[in-house]
Amino acid sequence: SRLKSACEQAKIKLSSESFTVIQIPNFYEGIDIYEIITRDMFENLINDLVRQSLYFIDKVLQEEGTRKHFISNIILTGGSTRIPLIQLQVQEHFNGKELCKVIAPDLVCAFGAAIAAKTSNKFRTVIEN
């Protein structure tokens, strides 16, 4: 859990800085971890995942019968969408269309979940009973 926490903090820091340090004293049997991670290193590690995400974006659009040029606003949700590589790749994927950044990604998730819950028949049944 210490490693997971340190990596999460590094991901957050690399969203706004060019490098960070992952340091965990006495990680395993007296071994300390001390690693300098650059944004380039991090982006190389996640590049395949970002490409997979773009594939799923296209798949959803295809299933909905929508084309990219019909999308008027792009709002990214969730903490990982603060990663510059993700923002850049999504923007390029939508032919340079600017991302809507006036709404906090976590707020969008909460708002979307509330709308989904309110419109869900399953949720209404639980509330009404």
# chains A, B, ... in the order shown; residues from 1 in each chain; ligands from 1
call {"tool": "select_by_dssp", "arguments": {"residues": "chain A", "states": "strand (DSSP E or B)", "output": "PyMOL selection string"}}
result
chain A and resi 19-28+31-38
call {"tool": "write_last_selection", "arguments": {"atoms": "N, CA, C and O atoms", "output": "PDB file, in the first residue's frame"}}
result
ATOM      1  N   PHE A  19       9.550  16.273 -13.083  1.00  0.00           N
ATOM      2  CA  PHE A  19      10.091  15.067 -12.443  1.00  0.00           C
ATOM      3  C   PHE A  19       9.624  15.020 -10.990  1.00  0.00           C
ATOM      4  O   PHE A  19       9.161  16.015 -10.431  1.00  0.00           O
ATOM      5  N   THR A  20       9.754  13.848 -10.408  1.00  0.00           N
ATOM      6  CA  THR A  20       9.442  13.666  -8.991  1.00  0.00           C
ATOM      7  C   THR A  20      10.293  12.525  -8.458  1.00  0.00           C
ATOM      8  O   THR A  20      10.952  11.812  -9.214  1.00  0.00           O
ATOM      9  N   VAL A  21      10.273  12.363  -7.162  1.00  0.00           N
ATOM     10  CA  VAL A  21      11.036  11.295  -6.511  1.00  0.00           C
ATOM     11  C   VAL A  21      10.059  10.373  -5.792  1.00  0.00           C
ATOM     12  O   VAL A  21       9.158  10.828  -5.093  1.00  0.00           O
ATOM     13  N   ILE A  22      10.243   9.083  -5.999  1.00  0.00           N
ATOM     14  CA  ILE A  22       9.518   8.081  -5.217  1.00  0.00           C
ATOM     15  C   ILE A  22      10.502   7.565  -4.181  1.00  0.00           C
ATOM     16  O   ILE A  22      11.538   7.010  -4.528  1.00  0.00           O
ATOM     17  N   GLN A  23      10.185   7.801  -2.922  1.00  0.00           N
ATOM     18  CA  GLN A  23      11.084   7.419  -1.835  1.00  0.00           C
ATOM     19  C   GLN A  23      10.278   6.663  -0.777  1.00  0.00           C
ATOM     20  O   GLN A  23       9.325   7.195  -0.213  1.00  0.00           O
ATOM     21  N   ILE A  24      10.687   5.408  -0.533  1.00  0.00           N
ATOM     22  CA  ILE A  24      10.037   4.598   0.489  1.00  0.00           C
ATOM     23  C   ILE A  24      11.127   3.943   1.337  1.00  0.00           C
ATOM     24  O   ILE A  24      11.763   2.977   0.914  1.00  0.00           O
ATOM     25  N   PRO A  25      11.332   4.454   2.543  1.00  0.00           N
ATOM     26  CA  PRO A  25      12.345   3.843   3.413  1.00  0.00           C
ATOM     27  C   PRO A  25      11.879   2.474   3.913  1.00  0.00           C
ATOM     28  O   PRO A  25      10.698   2.257   4.151  1.00  0.00           O
ATOM     29  N   ASN A  26      12.854   1.571   4.028  1.00  0.00           N
ATOM     30  CA  ASN A  26      12.592   0.230   4.556  1.00  0.00           C
ATOM     31  C   ASN A  26      11.388  -0.424   3.869  1.00  0.00           C
ATOM     32  O   ASN A  26      10.477  -0.927   4.499  1.00  0.00           O
ATOM     33  N   PHE A  27      11.433  -0.428   2.547  1.00  0.00           N
ATOM     34  CA  PHE A  27      10.316  -0.969   1.773  1.00  0.00           C
ATOM     35  C   PHE A  27      10.164  -2.477   1.973  1.00  0.00           C
ATOM     36  O   PHE A  27       9.077  -2.974   2.223  1.00  0.00           O
ATOM     37  N   TYR A  28      11.272  -3.198   1.859  1.00  0.00           N
ATOM     38  CA  TYR A  28      11.212  -4.653   1.995  1.00  0.00           C
ATOM     39  C   TYR A  28      12.537  -5.157   2.542  1.00  0.00           C
ATOM     40  O   TYR A  28      13.581  -4.929   1.941  1.00  0.00           O
ATOM     41  N   ILE A  31      15.376  -2.805   2.605  1.00  0.00           N
ATOM     42  CA  ILE A  31      15.724  -2.164   1.330  1.00  0.00           C
ATOM     43  C   ILE A  31      14.889  -0.896   1.167  1.00  0.00           C
ATOM     44  O   ILE A  31      13.666  -0.919   1.323  1.00  0.00           O
ATOM     45  N   ASP A  32      15.575   0.193   0.857  1.00  0.00           N
ATOM     46  CA  ASP A  32      14.898   1.466   0.612  1.00  0.00           C
ATOM     47  C   ASP A  32      14.668   1.636  -0.885  1.00  0.00           C
ATOM     48  O   ASP A  32      15.459   1.163  -1.706  1.00  0.00           O
ATOM     49  N   ILE A  33      13.587   2.311  -1.221  1.00  0.00           N
ATOM     50  CA  ILE A  33      13.338   2.677  -2.622  1.00  0.00           C
ATOM     51  C   ILE A  33      13.572   4.170  -2.754  1.00  0.00           C
ATOM     52  O   ILE A  33      13.042   4.960  -1.978  1.00  0.00           O
ATOM     53  N   TYR A  34      14.369   4.521  -3.744  1.00  0.00           N
ATOM     54  CA  TYR A  34      14.599   5.920  -4.073  1.00  0.00           C
ATOM     55  C   TYR A  34      14.747   5.994  -5.586  1.00  0.00           C
ATOM     56  O   TYR A  34      15.749   5.539  -6.144  1.00  0.00           O
ATOM     57  N   GLU A  35      13.749   6.501  -6.256  1.00  0.00           N
ATOM     58  CA  GLU A  35      13.771   6.586  -7.710  1.00  0.00           C
ATOM     59  C   GLU A  35      13.340   7.968  -8.162  1.00  0.00           C
ATOM     60  O   GLU A  35      12.348   8.504  -7.673  1.00  0.00           O
ATOM     61  N   ILE A  36      14.077   8.508  -9.093  1.00  0.00           N
ATOM     62  CA  ILE A  36      13.683   9.755  -9.741  1.00  0.00           C
ATOM     63  C   ILE A  36      12.923   9.361 -11.003  1.00  0.00           C
ATOM     64  O   ILE A  36      13.422   8.590 -11.822  1.00  0.00           O
ATOM     65  N   ILE A  37      11.711   9.878 -11.126  1.00  0.00           N
ATOM     66  CA  ILE A  37      10.861   9.575 -12.273  1.00  0.00           C
ATOM     67  C   ILE A  37      10.605  10.887 -13.016  1.00  0.00           C
ATOM     68  O   ILE A  37      10.145  11.860 -12.426  1.00  0.00           O
ATOM     69  N   THR A  38      10.891  10.896 -14.308  1.00  0.00           N
ATOM     70  CA  THR A  38      10.612  12.081 -15.116  1.00  0.00           C
ATOM     71  C   THR A  38       9.251  11.931 -15.786  1.00  0.00           C
ATOM     72  O   THR A  38       8.716  10.814 -15.903  1.00  0.00           O
TER      73      THR A  38
END
call {"tool": "closest_atom_pairs", "arguments": {"of": "stretch 12-80 of chain A", "to": "stretch 101-123 of chain A", "cutoff": "12 Å", "atoms": "only C-alpha atoms", "output": "Markdown table"}}
result
| residue | atom | partner | partner_atom | distance |
| --- | --- | --- | --- | --- |
| A:Asn73 | CA | A:Lys101 | CA | 10.1 |
| A:Ile74 | CA | A:Lys101 | CA | 8.8 |
| A:Ile75 | CA | A:Lys101 | CA | 7.0 |
| A:Leu76 | CA | A:Pro105 | CA | 6.2 |
| A:Thr77 | CA | A:Pro105 | CA | 4.2 |
| A:Gly78 | CA | A:Pro105 | CA | 5.1 |
| A:Gly79 | CA | A:Pro105 | CA | 6.6 |
| A:Ser80 | CA | A:Pro105 | CA | 9.1 |
call {"tool": "write_last_selection", "arguments": {"atoms": "N, CA and C atoms", "output": "compact mmCIF listing (two decimals), in the first residue's frame"}}
result
# COMPACT_ATOMS: atom_id res chain seq x y z
N ASN A 73 -18.37 19.62 -27.29
CA ASN A 73 -17.58 19.87 -26.09
C ASN A 73 -16.93 18.58 -25.62
N ILE A 74 -15.69 18.68 -25.22
CA ILE A 74 -14.98 17.52 -24.68
C ILE A 74 -14.64 17.84 -23.23
N ILE A 75 -15.25 17.09 -22.33
CA ILE A 75 -15.00 17.26 -20.90
C ILE A 75 -14.40 15.96 -20.38
N LEU A 76 -13.19 16.02 -19.91
CA LEU A 76 -12.52 14.85 -19.36
C LEU A 76 -12.87 14.73 -17.89
N THR A 77 -13.08 13.49 -17.44
CA THR A 77 -13.46 13.28 -16.05
C THR A 77 -12.49 12.34 -15.36
N GLY A 78 -12.31 12.54 -14.07
CA GLY A 78 -11.45 11.68 -13.28
C GLY A 78 -10.05 12.25 -13.12
N GLY A 79 -9.38 11.78 -12.11
CA GLY A 79 -8.07 12.32 -11.76
C GLY A 79 -7.01 12.15 -12.83
N SER A 80 -7.01 11.03 -13.54
CA SER A 80 -5.97 10.78 -14.54
C SER A 80 -6.07 11.72 -15.74
call {"tool": "closest_residue", "arguments": {"among": "A:Glu43, A:Glu64, A:Asp48, A:Asp58", "to": "A:Ile83", "atoms": "only C-alpha atoms"}}
result
A:Glu43
call {"tool": "closest_residue", "arguments": {"among": "A:His93, A:Arg39, A:Arg67, A:Lys13", "to": "A:Leu54", "atoms": "only C-alpha atoms"}}
result
A:His93
call {"tool": "select_by_dssp", "arguments": {"residues": "stretch 3-63 of chain A", "states": "alpha helix (DSSP H)", "output": "PyMOL selection string"}}
result
chain A and resi 3-14+39-63
call {"tool": "residues_around", "arguments": {"residues": "A:Ile71", "least_positions_apart": "6", "cutoff": "12 Å", "atoms": "only C-alpha atoms", "output": "list of chain:residue names"}}
result
A:Ile57, A:Asp58, A:Leu61, A:Glu64, A:Gly65, A:Gln91, A:His93, A:Phe94, A:Asn95, A:Lys97, A:Glu98, A:Leu99, A:Cys100
call {"tool": "atom_distance", "arguments": {"atom1": "atom CA of A:Ser15", "atom2": "atom CA of A:Ser1"}}
result
21.5 Å
